[in-house]
>>> print(open('structure-v4.cif').read())   # mmCIF, C-alpha atoms and all ligand atoms
data_structure
loop_
_atom_site.label_atom_id
_atom_site.label_comp_id
_atom_site.auth_asym_id
_atom_site.auth_seq_id
_atom_site.Cartn_x
_atom_site.Cartn_y
_atom_site.Cartn_z
CA MET A 304 143.83 109.30 105.76
CA SER A 305 142.50 106.00 106.99
CA ASN A 306 140.12 106.21 109.96
CA LYS A 307 142.64 104.75 112.34
CA ASP A 308 145.45 107.24 111.75
CA GLY A 309 144.10 109.67 114.35
CA ILE A 310 144.68 107.01 117.03
CA PHE A 311 148.39 107.06 116.31
CA SER A 312 149.02 110.81 116.37
CA ASP A 313 149.96 110.68 120.08
CA ALA A 314 151.71 107.30 119.89
CA GLY A 315 155.47 106.72 120.04
CA ILE A 316 157.39 106.96 116.79
CA ASN A 317 157.90 103.22 116.31
CA THR A 318 154.20 102.59 116.89
CA GLN A 319 153.41 105.22 114.26
CA LEU A 320 155.91 103.80 111.77
CA THR A 321 154.44 100.33 112.27
CA HIS A 322 150.79 101.24 111.67
CA LEU A 323 150.37 104.56 109.83
CA GLY A 324 148.92 104.36 106.33
CA ASN A 325 147.67 100.79 106.68
CA ASP A 326 143.97 100.05 106.29
CA PRO A 327 143.45 96.28 106.69
CA ALA A 328 139.66 96.68 106.96
CA GLY A 329 139.63 98.30 103.52
CA ASN A 330 141.91 95.64 102.03
CA HIS A 331 140.16 92.34 102.86
CA GLY A 332 142.16 92.10 106.10
CA PHE A 333 145.58 92.17 104.46
CA VAL A 334 148.05 94.13 106.59
CA ASN A 335 149.71 96.00 103.73
CA PRO A 336 148.09 98.10 100.98
CA PRO A 337 147.83 96.58 97.50
CA ILE A 338 150.33 97.52 94.78
CA MET A 339 147.88 99.22 92.42
CA ARG A 340 149.44 99.44 88.96
CA GLY A 341 147.72 101.64 86.44
CA SER A 342 147.47 104.54 84.04
CA THR A 343 143.78 104.49 83.07
CA VAL A 344 141.10 104.76 85.74
CA LEU A 345 137.52 104.14 84.60
CA PHE A 346 134.55 106.38 85.44
CA PRO A 347 131.06 104.95 85.97
CA ASP A 348 129.21 107.42 83.71
CA ALA A 349 129.59 110.50 81.48
CA GLU A 350 128.80 112.98 84.25
CA THR A 351 131.58 111.62 86.52
CA LEU A 352 133.94 111.50 83.52
CA VAL A 353 133.53 115.16 82.58
CA THR A 354 133.57 116.47 86.15
CA GLU A 355 136.33 114.04 87.30
CA LYS A 356 134.51 113.88 90.62
CA GLN A 357 135.99 110.67 91.96
CA LYS A 358 138.98 109.95 94.17
CA TYR A 359 141.29 108.49 91.50
CA THR A 360 141.29 109.86 87.95
CA TYR A 361 144.58 108.94 86.30
CA GLY A 362 147.80 107.10 87.22
CA THR A 363 150.00 110.22 87.37
CA HIS A 364 147.70 111.76 90.02
CA GLY A 365 148.11 109.02 92.60
CA THR A 366 147.05 105.47 93.44
CA PRO A 367 145.96 103.81 96.71
CA THR A 368 149.60 102.68 97.15
CA THR A 369 151.16 106.13 96.64
CA ASP A 370 148.42 107.66 98.82
CA ALA A 371 149.25 105.26 101.67
CA LEU A 372 152.87 106.43 101.54
CA CYS A 373 151.93 110.14 101.34
CA GLU A 374 149.67 109.66 104.35
CA VAL A 375 152.53 108.28 106.47
CA VAL A 376 154.87 111.09 105.39
CA ASN A 377 152.26 113.79 106.12
CA GLN A 378 151.77 112.39 109.62
CA LEU A 379 155.51 112.26 110.28
CA GLU A 380 156.14 115.77 108.89
CA GLY A 381 152.99 117.49 110.13
CA SER A 382 152.47 118.68 106.54
CA ALA A 383 149.35 119.63 104.57
CA GLY A 384 150.46 117.56 101.60
CA THR A 385 153.34 115.52 100.19
CA ILE A 386 154.40 114.81 96.61
CA LEU A 387 156.47 111.77 95.66
CA LEU A 388 159.20 112.23 93.06
CA PRO A 389 161.45 109.82 91.17
CA SER A 390 164.65 110.89 93.01
CA GLY A 391 165.89 112.95 95.93
CA LEU A 392 167.40 115.42 93.48
CA ALA A 393 163.97 115.96 91.86
CA ALA A 394 162.63 116.65 95.37
CA VAL A 395 165.00 119.64 95.50
CA THR A 396 164.53 120.89 91.93
CA VAL A 397 160.71 120.70 91.71
CA PRO A 398 160.06 123.11 94.62
CA PHE A 399 162.64 125.52 93.13
CA LEU A 400 160.67 125.43 89.86
CA ALA A 401 157.37 125.76 91.73
CA TYR A 402 158.26 128.85 93.78
CA LEU A 403 160.76 130.77 91.62
CA SER A 404 160.18 132.89 88.48
CA ALA A 405 162.39 134.84 86.10
CA GLY A 406 163.90 137.89 87.83
CA ASP A 407 163.78 136.32 91.30
CA HIS A 408 166.75 135.91 93.62
CA ALA A 409 167.32 132.75 95.70
CA LEU A 410 169.65 132.25 98.68
CA ILE A 411 171.14 128.74 98.82
CA VAL A 412 173.32 127.39 101.65
CA ASP A 413 176.89 126.85 100.48
CA SER A 414 177.09 123.36 102.08
CA VAL A 415 174.27 122.21 99.78
CA TYR A 416 174.18 118.76 98.15
CA PHE A 417 176.33 119.24 95.02
CA PRO A 418 173.76 118.23 92.35
CA SER A 419 171.33 120.79 93.87
CA ARG A 420 174.00 123.46 93.29
CA ARG A 421 174.53 122.26 89.73
CA PHE A 422 170.78 122.65 89.04
CA CYS A 423 170.90 126.22 90.41
CA ASN A 424 173.96 127.11 88.34
CA THR A 425 172.56 125.66 85.11
CA MET A 426 168.75 125.45 84.86
CA LEU A 427 167.81 128.23 87.31
CA LYS A 428 170.31 130.53 85.66
CA GLN A 429 168.95 129.56 82.22
CA TYR A 430 165.47 130.61 83.37
CA GLY A 431 166.68 134.00 84.62
CA ILE A 432 166.82 133.28 88.35
CA GLU A 433 169.75 134.69 90.29
CA VAL A 434 171.33 132.43 92.89
CA GLU A 435 173.60 133.43 95.76
CA TYR A 436 175.33 131.02 98.18
CA TYR A 437 175.49 131.85 101.89
CA ASP A 438 177.55 130.58 104.81
CA PRO A 439 175.75 127.85 106.82
CA ALA A 440 176.87 129.68 110.00
CA ILE A 441 175.23 132.94 108.86
CA GLY A 442 172.36 132.98 111.41
CA ALA A 443 170.83 136.48 111.71
CA GLY A 444 173.27 137.69 109.04
CA ILE A 445 170.90 136.28 106.40
CA GLU A 446 168.85 139.47 106.66
CA ALA A 447 171.62 141.53 105.03
CA LEU A 448 171.55 139.24 101.97
CA ILE A 449 167.80 139.52 101.37
CA ARG A 450 166.97 141.75 98.39
CA PRO A 451 163.60 143.09 97.26
CA ASN A 452 163.39 140.21 94.73
CA THR A 453 164.55 137.42 97.09
CA ARG A 454 161.77 134.80 97.00
CA LEU A 455 163.31 131.60 98.36
CA ILE A 456 165.84 130.58 101.00
CA HIS A 457 167.11 127.00 100.86
CA LEU A 458 168.60 125.26 103.90
CA GLU A 459 170.30 121.94 104.35
CA ALA A 460 171.37 120.92 107.85
CA PRO A 461 173.63 119.25 108.58
CA GLY A 462 175.34 120.31 105.33
CA SER A 463 176.43 117.73 102.77
CA ASN A 464 179.89 116.25 103.50
CA THR A 465 180.95 118.81 106.13
CA PHE A 466 177.83 118.64 108.36
CA GLU A 467 177.54 122.29 109.46
CA MET A 468 174.31 122.95 111.39
CA GLN A 469 172.05 125.94 110.68
CA ASP A 470 169.84 127.99 112.95
CA VAL A 471 166.67 126.91 111.17
CA ARG A 472 164.14 128.76 113.31
CA LEU A 473 166.03 132.06 113.22
CA ILE A 474 166.59 132.00 109.45
CA SER A 475 162.95 130.97 108.82
CA SER A 476 161.53 133.76 110.95
CA ILE A 477 163.68 136.40 109.21
CA ALA A 478 162.77 134.93 105.79
CA HIS A 479 159.06 135.19 106.60
CA THR A 480 159.24 138.89 107.48
CA TYR A 481 160.35 139.38 103.84
CA ASP A 482 157.74 136.92 102.49
CA CYS A 483 160.35 134.41 101.28
CA VAL A 484 159.49 130.71 101.10
CA VAL A 485 161.84 128.53 103.17
CA THR A 486 162.79 125.10 101.81
CA MET A 487 164.97 122.61 103.68
CA ASP A 488 166.71 119.41 102.62
CA ASN A 489 166.34 117.29 105.78
CA THR A 490 167.60 114.00 104.33
CA TRP A 491 170.26 113.41 107.02
CA ALA A 492 167.97 113.63 110.06
CA THR A 493 164.69 112.25 108.62
CA PRO A 494 161.48 113.49 110.31
CA LEU A 495 162.32 111.15 113.21
CA TYR A 496 165.17 113.33 114.42
CA PHE A 497 164.08 116.74 113.09
CA LYS A 498 160.73 118.02 111.85
CA PRO A 499 161.44 121.11 109.68
CA LEU A 500 157.85 122.40 109.61
CA GLU A 501 157.78 122.58 113.43
CA HIS A 502 160.83 124.88 113.23
CA GLY A 503 159.36 127.38 110.77
CA VAL A 504 160.32 125.77 107.44
CA ASP A 505 157.59 125.88 104.75
CA VAL A 506 158.69 122.99 102.57
CA SER A 507 160.52 119.90 103.85
CA ILE A 508 162.56 117.83 101.38
CA HIS A 509 163.86 114.26 101.69
CA ALA A 510 165.86 111.94 99.50
CA ALA A 511 163.73 108.89 100.40
CA THR A 512 166.41 106.92 98.55
CA LYS A 513 168.38 107.12 101.80
CA TYR A 514 166.92 106.02 105.18
CA PRO A 515 163.23 105.69 104.23
CA ALA A 516 163.98 103.19 101.44
CA GLY A 517 166.93 101.95 103.47
CA HIS A 518 168.11 99.07 101.29
CA SER A 519 170.09 100.68 98.40
CA ASP A 520 167.50 99.52 95.89
CA VAL A 521 164.97 102.33 95.33
CA LEU A 522 165.27 105.98 94.25
CA MET A 523 162.62 108.42 95.49
CA GLY A 524 162.09 111.91 96.85
CA PHE A 525 159.49 113.38 99.23
CA VAL A 526 158.44 117.04 99.29
CA SER A 527 156.08 118.02 102.11
CA ALA A 528 154.57 121.50 102.34
CA ASN A 529 152.64 123.45 104.94
CA GLU A 530 149.08 124.67 104.19
CA LYS A 531 150.21 128.00 102.73
CA HIS A 532 152.59 126.49 100.17
CA TRP A 533 150.92 123.17 99.36
CA LYS A 534 148.74 124.22 96.40
CA LYS A 535 151.56 125.78 94.40
CA LEU A 536 153.77 122.73 94.93
CA ASN A 537 151.06 120.25 93.96
CA ASP A 538 150.05 122.30 90.90
CA ALA A 539 153.66 122.54 89.69
CA ASN A 540 154.07 118.80 90.08
CA ARG A 541 150.91 118.15 88.05
CA ASP A 542 152.08 120.60 85.38
CA LEU A 543 155.44 118.85 85.13
CA GLY A 544 153.82 115.40 84.98
CA LEU A 545 156.10 113.74 87.51
CA CYS A 546 155.10 110.68 89.50
CA VAL A 547 156.47 107.45 90.99
CA THR A 548 155.33 103.87 90.45
CA SER A 549 153.18 102.03 92.98
CA ASP A 550 155.87 99.34 93.11
CA ASP A 551 158.46 101.86 94.30
CA ALA A 552 156.00 103.48 96.72
CA TYR A 553 155.34 100.05 98.20
CA GLN A 554 159.07 99.43 98.70
CA VAL A 555 159.55 102.77 100.46
CA LEU A 556 156.49 102.16 102.66
CA ARG A 557 158.04 98.82 103.60
CA GLY A 558 161.35 100.55 104.39
CA LEU A 559 159.62 103.09 106.65
CA ARG A 560 158.21 100.33 108.88
CA THR A 561 161.73 99.56 110.15
CA MET A 562 163.29 103.02 109.84
CA GLY A 563 163.08 103.73 113.58
CA VAL A 564 164.99 100.61 114.63
CA ARG A 565 167.47 100.93 111.77
CA LEU A 566 168.21 104.57 112.61
CA GLU A 567 168.82 103.73 116.25
CA HIS A 568 171.46 101.20 115.19
CA HIS A 569 173.04 103.60 112.65
CA ARG A 570 173.08 106.34 115.32
CA LYS A 571 174.81 104.27 118.00
CA SER A 572 177.38 102.65 115.74
CA ALA A 573 178.26 105.89 113.91
CA LEU A 574 178.70 107.79 117.17
CA GLU A 575 180.91 105.05 118.62
CA ILE A 576 183.11 105.06 115.52
CA ALA A 577 183.22 108.88 115.39
CA GLN A 578 184.42 108.99 119.03
CA TRP A 579 187.03 106.33 118.32
CA LEU A 580 188.27 108.25 115.26
CA GLU A 581 188.47 111.44 117.30
CA SER A 582 190.89 109.75 119.73
CA ARG A 583 193.32 108.74 116.96
CA ASP A 584 196.57 110.58 116.16
CA ASP A 585 196.19 109.99 112.42
CA VAL A 586 192.83 111.85 112.34
CA ALA A 587 192.94 115.67 112.24
CA GLN A 588 189.23 116.27 112.80
CA VAL A 589 185.90 114.45 112.93
CA LEU A 590 182.90 116.23 111.36
CA HIS A 591 179.89 114.84 113.24
CA PRO A 592 177.30 117.25 114.71
CA ALA A 593 176.64 115.06 117.78
CA LEU A 594 180.26 115.35 118.96
CA PRO A 595 180.66 118.15 121.55
CA SER A 596 183.89 119.20 119.75
CA PHE A 597 181.94 120.03 116.55
CA PRO A 598 181.65 123.84 116.04
CA SER A 599 177.83 123.95 115.62
CA HIS A 600 177.13 121.09 118.07
CA ASP A 601 175.05 123.40 120.29
CA ILE A 602 172.46 123.92 117.56
CA TRP A 603 172.25 120.16 116.94
CA LYS A 604 171.78 119.58 120.66
CA ARG A 605 169.08 122.23 120.96
CA ASP A 606 167.02 121.24 117.90
CA PHE A 607 167.63 117.61 116.92
CA LYS A 608 166.37 114.45 118.62
CA GLY A 609 169.14 112.23 117.29
CA SER A 610 171.99 111.74 114.85
CA THR A 611 172.25 109.30 111.97
CA GLY A 612 174.95 107.19 110.31
CA VAL A 613 176.78 109.59 107.98
CA PHE A 614 179.72 111.80 108.93
CA SER A 615 183.22 112.70 107.73
CA PHE A 616 186.73 112.81 109.12
CA VAL A 617 189.93 114.52 108.03
CA LEU A 618 192.85 112.17 107.53
CA LYS A 619 196.08 113.84 108.70
CA ALA A 620 198.43 114.35 105.75
CA GLU A 621 201.05 116.66 104.26
CA PRO A 622 199.56 118.57 101.30
CA ASN A 623 201.68 116.62 98.81
CA THR A 624 200.37 113.26 100.10
CA PHE A 625 196.58 113.98 100.17
CA LYS A 626 195.86 111.94 97.07
CA GLN A 627 198.16 108.94 97.77
CA LYS A 628 197.16 108.63 101.44
CA SER A 629 193.42 108.91 100.81
CA HIS A 630 193.52 106.44 97.91
CA ALA A 631 195.62 103.98 99.96
CA PHE A 632 193.12 104.29 102.82
CA LEU A 633 190.07 103.65 100.62
CA ASP A 634 191.70 100.84 98.62
CA ALA A 635 192.55 98.95 101.83
CA LEU A 636 188.88 98.78 102.93
CA SER A 637 187.03 95.53 102.36
CA ILE A 638 183.77 95.83 104.34
CA PHE A 639 183.17 99.49 103.46
CA GLY A 640 182.14 99.77 99.82
CA LEU A 641 183.33 102.72 97.73
CA GLY A 642 180.21 104.31 96.32
CA PHE A 643 177.79 107.20 96.35
CA SER A 644 174.49 107.57 98.16
CA TRP A 645 173.94 106.25 101.68
CA GLY A 646 171.13 105.24 104.03
CA GLY A 647 171.23 101.58 103.04
CA TYR A 648 172.11 98.73 105.42
CA GLU A 649 175.75 98.53 104.26
CA SER A 650 178.75 100.71 105.11
CA LEU A 651 180.23 103.02 102.49
CA ALA A 652 183.18 105.39 102.14
CA VAL A 653 183.83 108.20 99.66
CA LEU A 654 186.45 110.88 99.17
CA VAL A 655 184.90 114.32 99.57
CA SER A 656 185.60 117.20 97.19
CA LEU A 657 184.83 120.75 98.34
CA ARG A 658 186.02 122.42 95.13
CA ASP A 659 182.51 123.75 94.48
CA ARG A 660 182.34 125.76 97.73
CA VAL A 661 182.35 129.55 97.52
CA VAL A 662 182.04 130.57 101.22
CA ALA A 663 182.19 127.51 103.54
CA LYS A 664 185.52 126.11 102.35
CA GLY A 665 185.83 123.35 104.98
CA PRO A 666 188.89 121.84 106.68
CA THR A 667 192.27 121.80 104.91
CA GLU A 668 194.52 119.68 107.20
CA GLY A 669 194.10 116.61 104.99
CA PRO A 670 191.79 114.72 102.66
CA ILE A 671 188.18 114.45 103.85
CA ILE A 672 186.63 110.99 103.88
CA ARG A 673 182.88 110.53 104.36
CA LEU A 674 181.62 107.37 106.00
CA GLN A 675 178.15 105.86 106.04
CA ILE A 676 178.01 103.45 108.97
CA GLY A 677 175.77 100.52 108.09
CA LEU A 678 174.24 97.77 110.19
CA GLU A 679 177.40 95.63 110.44
CA ASP A 680 179.03 95.03 113.83
CA VAL A 681 181.17 97.94 115.04
CA ALA A 682 184.19 95.75 115.89
CA ASP A 683 184.36 94.56 112.26
CA LEU A 684 184.02 98.10 110.91
CA LYS A 685 186.81 99.35 113.19
CA ARG A 686 189.07 96.52 112.04
CA ASP A 687 188.37 97.50 108.43
CA LEU A 688 189.15 101.17 109.13
CA GLU A 689 192.38 100.11 110.96
CA ALA A 690 193.50 98.46 107.71
CA GLY A 691 192.83 101.75 105.93
CA PHE A 692 194.88 103.75 108.46
CA ALA A 693 197.76 101.25 108.23
CA ALA A 694 197.79 101.55 104.43
CA ALA A 695 197.71 105.38 104.63
CA ALA A 696 200.57 105.35 107.17
CA ALA A 697 202.67 103.21 104.80
CA VAL A 698 202.58 106.04 102.22
CA ALA A 699 205.81 107.98 102.67
C1 LIG A 701 171.34 111.79 98.17
C2 LIG A 701 170.85 113.14 98.45
C3 LIG A 701 169.93 113.76 97.59
C4 LIG A 701 169.52 113.15 96.27
O1 LIG A 701 168.89 111.92 96.36
P1 LIG A 701 168.85 110.95 95.07
O2 LIG A 701 167.67 110.10 95.31
O3 LIG A 701 170.15 110.20 95.08
O4 LIG A 701 168.70 111.82 93.86
C5 LIG A 701 169.46 115.00 97.93
N1 LIG A 701 169.87 115.62 99.06
C6 LIG A 701 170.74 115.05 99.90
C7 LIG A 701 171.14 115.79 101.14
C8 LIG A 701 171.26 113.80 99.64
O5 LIG A 701 172.15 113.26 100.47
#
>>> encode(input="structure-v4.cif", output="structure tokens", more="lines below")
Ligand SMILES: *Cc1c(COP(=O)(O)O)cnc(C)c1O
Amino acid sequence: MSNKDGIFSDAGINTQLTHLGNDPAGNHGFVNPPIMRGSTVLFPDAETLVTEKQKYTYGTHGTPTTDALCEVVNQLEGSAGTILLPSGLAAVTVPFLAYLSAGDHALIVDSVYFPSRRFCNTMLKQYGIEVEYYDPAIGAGIEALIRPNTRLIHLEAPGSNTFEMQDVRLISSIAHTYDCVVTMDNTWATPLYFKPLEHGVDVSIHAATKYPAGHSDVLMGFVSANEKHWKKLNDANRDLGLCVTSDDAYQVLRGLRTMGVRLEHHRKSALEIAQWLESRDDVAQVLHPALPSFPSHDIWKRDFKGSTGVFSFVLKAEPNTFKQKSHAFLDALSIFGLGFSWGGYESLAVLVSLRDRVVAKGPTEGPIIRLQIGLEDVADLKRDLEAGFAAAAAVA
């Protein structure tokens, strides 16, 4: 941590995002850290070489650029340590590998990001770990699912695509009485709107590809652990040999500087569009945790400081027209791009599939469309969505 970071621990979030991790005095006055590329790091003499007693020892173990980014993330999360990984998916899979062993049982929320589920059903199974999916609304009911060999409980709130909230503090406190590690994918909220470790979570996970990077051009994951679970995570990461480049770390650090102002824009625009959708006759339901009509809205209101730009809605349709209506809607959009991921500056739409769900089956009144509301003007986005609704209505 640079000497100045203590000054910012009580500052407002945008002040922190602007200054944390920078050390101009240590970098010839330049505002930003250098992009330090490298594998080999030289040692001054044989004694230092054999003991490895110097700050940097090899490229995979960190550089001044990756350290600057980890420093910012640790301050935002209140974590003991953070590892940087080459994708958000790796930020989910590496902690699973770090904390689980053959014969263990893991409880995974059913509204989990689909590729996380695929990893559980393939690799974890291959290594003899039993996985069970639980209802995001389970609350205190989680206790009944904990077995003597349950070692890890994974949360994601709001859930992917359907946005169910979870009672994070309650589940974490029950998990800890059984000595289970609690991991949480907090990608949607970012540490600006929810800090998992302050609510009892042990390991906070982010797809930094989304809002931290913010420009649809970098893939990265953050995993931040509390003191108790940091060593095991860091050791596993070293054993696996995973790392990110300084160039990518620099880009994400640059994205973080503006994340506060970007999120505020995403939040306002997405909420305005969600409310507008809710008032329409051709929409059956809007799945956005900041809407009072949303079933787990009370948890969002109690625990979260804000909402972001991704939510879904259910397009009203007869079962035999789901496919035609949803395709007509998406094909009529011209500002919204059709594509995966989110968190960039541009608006996106995708058709949601809930075929993988085992407990939390989701709404059935029509096809579910997920929107990422970008930084465009709301009036233009509404006009684009109007074209989609007109095209869907034209399907007999
Ligand atoms: C996108 C996403 C990920 C994966 O991030 P990638 O960098 O695309 O691998 C993980 N979790 C959630 C909730 C996501 O939305």
>>> residues_near_ligand(input="structure-v4.cif", ligand="ligand LIG 701 (chain A)", cutoff="10 Å", atoms="all atoms listed in the file", output="PyMOL selection string")
chain A and resi 388-396+414-419+459-464+487-492+508-513+516+521-525+613+643-646
>>> residues_around(input="structure-v4.cif", residues="Leu594 in chain A", least_positions_apart="3", cutoff="12 Å", atoms="only C-alpha atoms", output="PyMOL selection string")
chain A and resi 466+573-581+588-591+597-604+609-610+614-615
>>> closest_residue(input="structure-v4.cif", among="A:Arg472, A:Arg450, A:His457, A:His532", to="Asp438 in chain A", atoms="only C-alpha atoms")
A:His457
>>> closest_residue(input="structure-v4.cif", among="A:Val655, A:Thr624, A:Lys531, A:Leu641", to="Ala699 in chain A", atoms="only C-alpha atoms")
A:Thr624
>>> closest_residue(input="structure-v4.cif", among="A:Ile638, A:Ser572, A:Leu387, A:Leu654", to="Asp683 in chain A", atoms="all atoms listed in the file")
A:Ile638
>>> atom_distance(input="structure-v4.cif", atom1="CA of Arg421 in chain A", atom2="CA of Asp659 in chain A")
9.4 Å
>>> atom_distance(input="structure-v4.cif", atom1="CA of Leu427 in chain A", atom2="CA of Ala401 in chain A")
11.6 Å
>>> residues_around(input="structure-v4.cif", residues="Arg454 in chain A", least_positions_apart="5", cutoff="12 Å", atoms="all atoms listed in the file", output="tab-separated table (two decimals) with C-alpha atoms, keeping the file's coordinate frame")
chain	number	residue	atom	x	y	z
A	399	PHE	CA	162.64	125.52	93.13
A	400	LEU	CA	160.67	125.43	89.86
A	401	ALA	CA	157.37	125.76	91.73
A	402	TYR	CA	158.26	128.85	93.78
A	403	LEU	CA	160.76	130.77	91.62
A	404	SER	CA	160.18	132.89	88.48
A	405	ALA	CA	162.39	134.84	86.10
A	406	GLY	CA	163.90	137.89	87.83
A	407	ASP	CA	163.78	136.32	91.30
A	408	HIS	CA	166.75	135.91	93.62
A	409	ALA	CA	167.32	132.75	95.70
A	410	LEU	CA	169.65	132.25	98.68
A	411	ILE	CA	171.14	128.74	98.82
A	432	ILE	CA	166.82	133.28	88.35
A	433	GLU	CA	169.75	134.69	90.29
A	434	VAL	CA	171.33	132.43	92.89
A	435	GLU	CA	173.60	133.43	95.76
A	448	LEU	CA	171.55	139.24	101.97
A	449	ILE	CA	167.80	139.52	101.37
A	478	ALA	CA	162.77	134.93	105.79
A	479	HIS	CA	159.06	135.19	106.60
A	480	THR	CA	159.24	138.89	107.48
A	481	TYR	CA	160.35	139.38	103.84
A	482	ASP	CA	157.74	136.92	102.49
A	483	CYS	CA	160.35	134.41	101.28
A	484	VAL	CA	159.49	130.71	101.10
A	485	VAL	CA	161.84	128.53	103.17
A	486	THR	CA	162.79	125.10	101.81
>>> atom_distance(input="structure-v4.cif", atom1="CA of Leu688 in chain A", atom2="CA of Glu467 in chain A")
24.1 Å
>>> decode(input="structure-v4.cif", residues="range 425-445 of chain A", atoms="N, CA and C atoms", output="short mmCIF file (atom, residue, chain, number, x, y, z; two decimals), in the first residue's frame")
data_model
loop_
_atom_site.label_atom_id
_atom_site.label_comp_id
_atom_site.auth_asym_id
_atom_site.auth_seq_id
_atom_site.Cartn_x
_atom_site.Cartn_y
_atom_site.Cartn_z
N THR A 425 -18.90 -30.52 -14.15
CA THR A 425 -17.88 -31.26 -14.90
C THR A 425 -16.63 -31.46 -14.04
N MET A 426 -15.84 -30.41 -13.84
CA MET A 426 -14.55 -30.55 -13.17
C MET A 426 -14.68 -30.94 -11.70
N LEU A 427 -15.59 -30.26 -10.96
CA LEU A 427 -15.71 -30.59 -9.53
C LEU A 427 -16.15 -32.04 -9.37
N LYS A 428 -17.08 -32.45 -10.21
CA LYS A 428 -17.57 -33.82 -10.17
C LYS A 428 -16.42 -34.78 -10.47
N GLN A 429 -15.63 -34.43 -11.50
CA GLN A 429 -14.48 -35.26 -11.90
C GLN A 429 -13.50 -35.45 -10.74
N TYR A 430 -13.38 -34.44 -9.90
CA TYR A 430 -12.44 -34.52 -8.77
C TYR A 430 -13.12 -35.01 -7.48
N GLY A 431 -14.31 -35.59 -7.61
CA GLY A 431 -14.95 -36.24 -6.47
C GLY A 431 -15.61 -35.30 -5.48
N ILE A 432 -16.04 -34.13 -5.96
CA ILE A 432 -16.73 -33.18 -5.07
C ILE A 432 -18.21 -33.18 -5.43
N GLU A 433 -19.05 -33.31 -4.42
CA GLU A 433 -20.48 -33.38 -4.66
C GLU A 433 -21.08 -31.97 -4.59
N VAL A 434 -21.92 -31.66 -5.57
CA VAL A 434 -22.49 -30.32 -5.64
C VAL A 434 -24.01 -30.40 -5.56
N GLU A 435 -24.60 -29.48 -4.79
CA GLU A 435 -26.06 -29.46 -4.66
C GLU A 435 -26.50 -28.00 -4.86
N TYR A 436 -27.55 -27.80 -5.64
CA TYR A 436 -28.05 -26.44 -5.92
C TYR A 436 -29.20 -26.11 -4.98
N TYR A 437 -29.18 -24.89 -4.45
CA TYR A 437 -30.23 -24.48 -3.51
C TYR A 437 -30.97 -23.26 -4.03
N ASP A 438 -32.18 -23.08 -3.54
CA ASP A 438 -33.06 -21.98 -3.92
C ASP A 438 -32.49 -20.65 -3.40
N PRO A 439 -32.37 -19.62 -4.26
CA PRO A 439 -31.84 -18.34 -3.76
C PRO A 439 -32.67 -17.76 -2.61
N ALA A 440 -33.95 -18.13 -2.52
CA ALA A 440 -34.82 -17.61 -1.46
C ALA A 440 -34.74 -18.45 -0.18
N ILE A 441 -33.78 -19.36 -0.09
CA ILE A 441 -33.76 -20.35 1.00
C ILE A 441 -33.62 -19.73 2.40
N GLY A 442 -32.84 -18.67 2.55
CA GLY A 442 -32.65 -18.04 3.86
C GLY A 442 -32.17 -19.04 4.90
N ALA A 443 -32.86 -19.08 6.07
CA ALA A 443 -32.45 -19.96 7.18
C ALA A 443 -32.55 -21.44 6.81
N GLY A 444 -33.31 -21.74 5.76
CA GLY A 444 -33.47 -23.13 5.31
C GLY A 444 -32.16 -23.77 4.85
N ILE A 445 -31.12 -22.98 4.67
CA ILE A 445 -29.83 -23.52 4.23
C ILE A 445 -29.29 -24.53 5.25
#
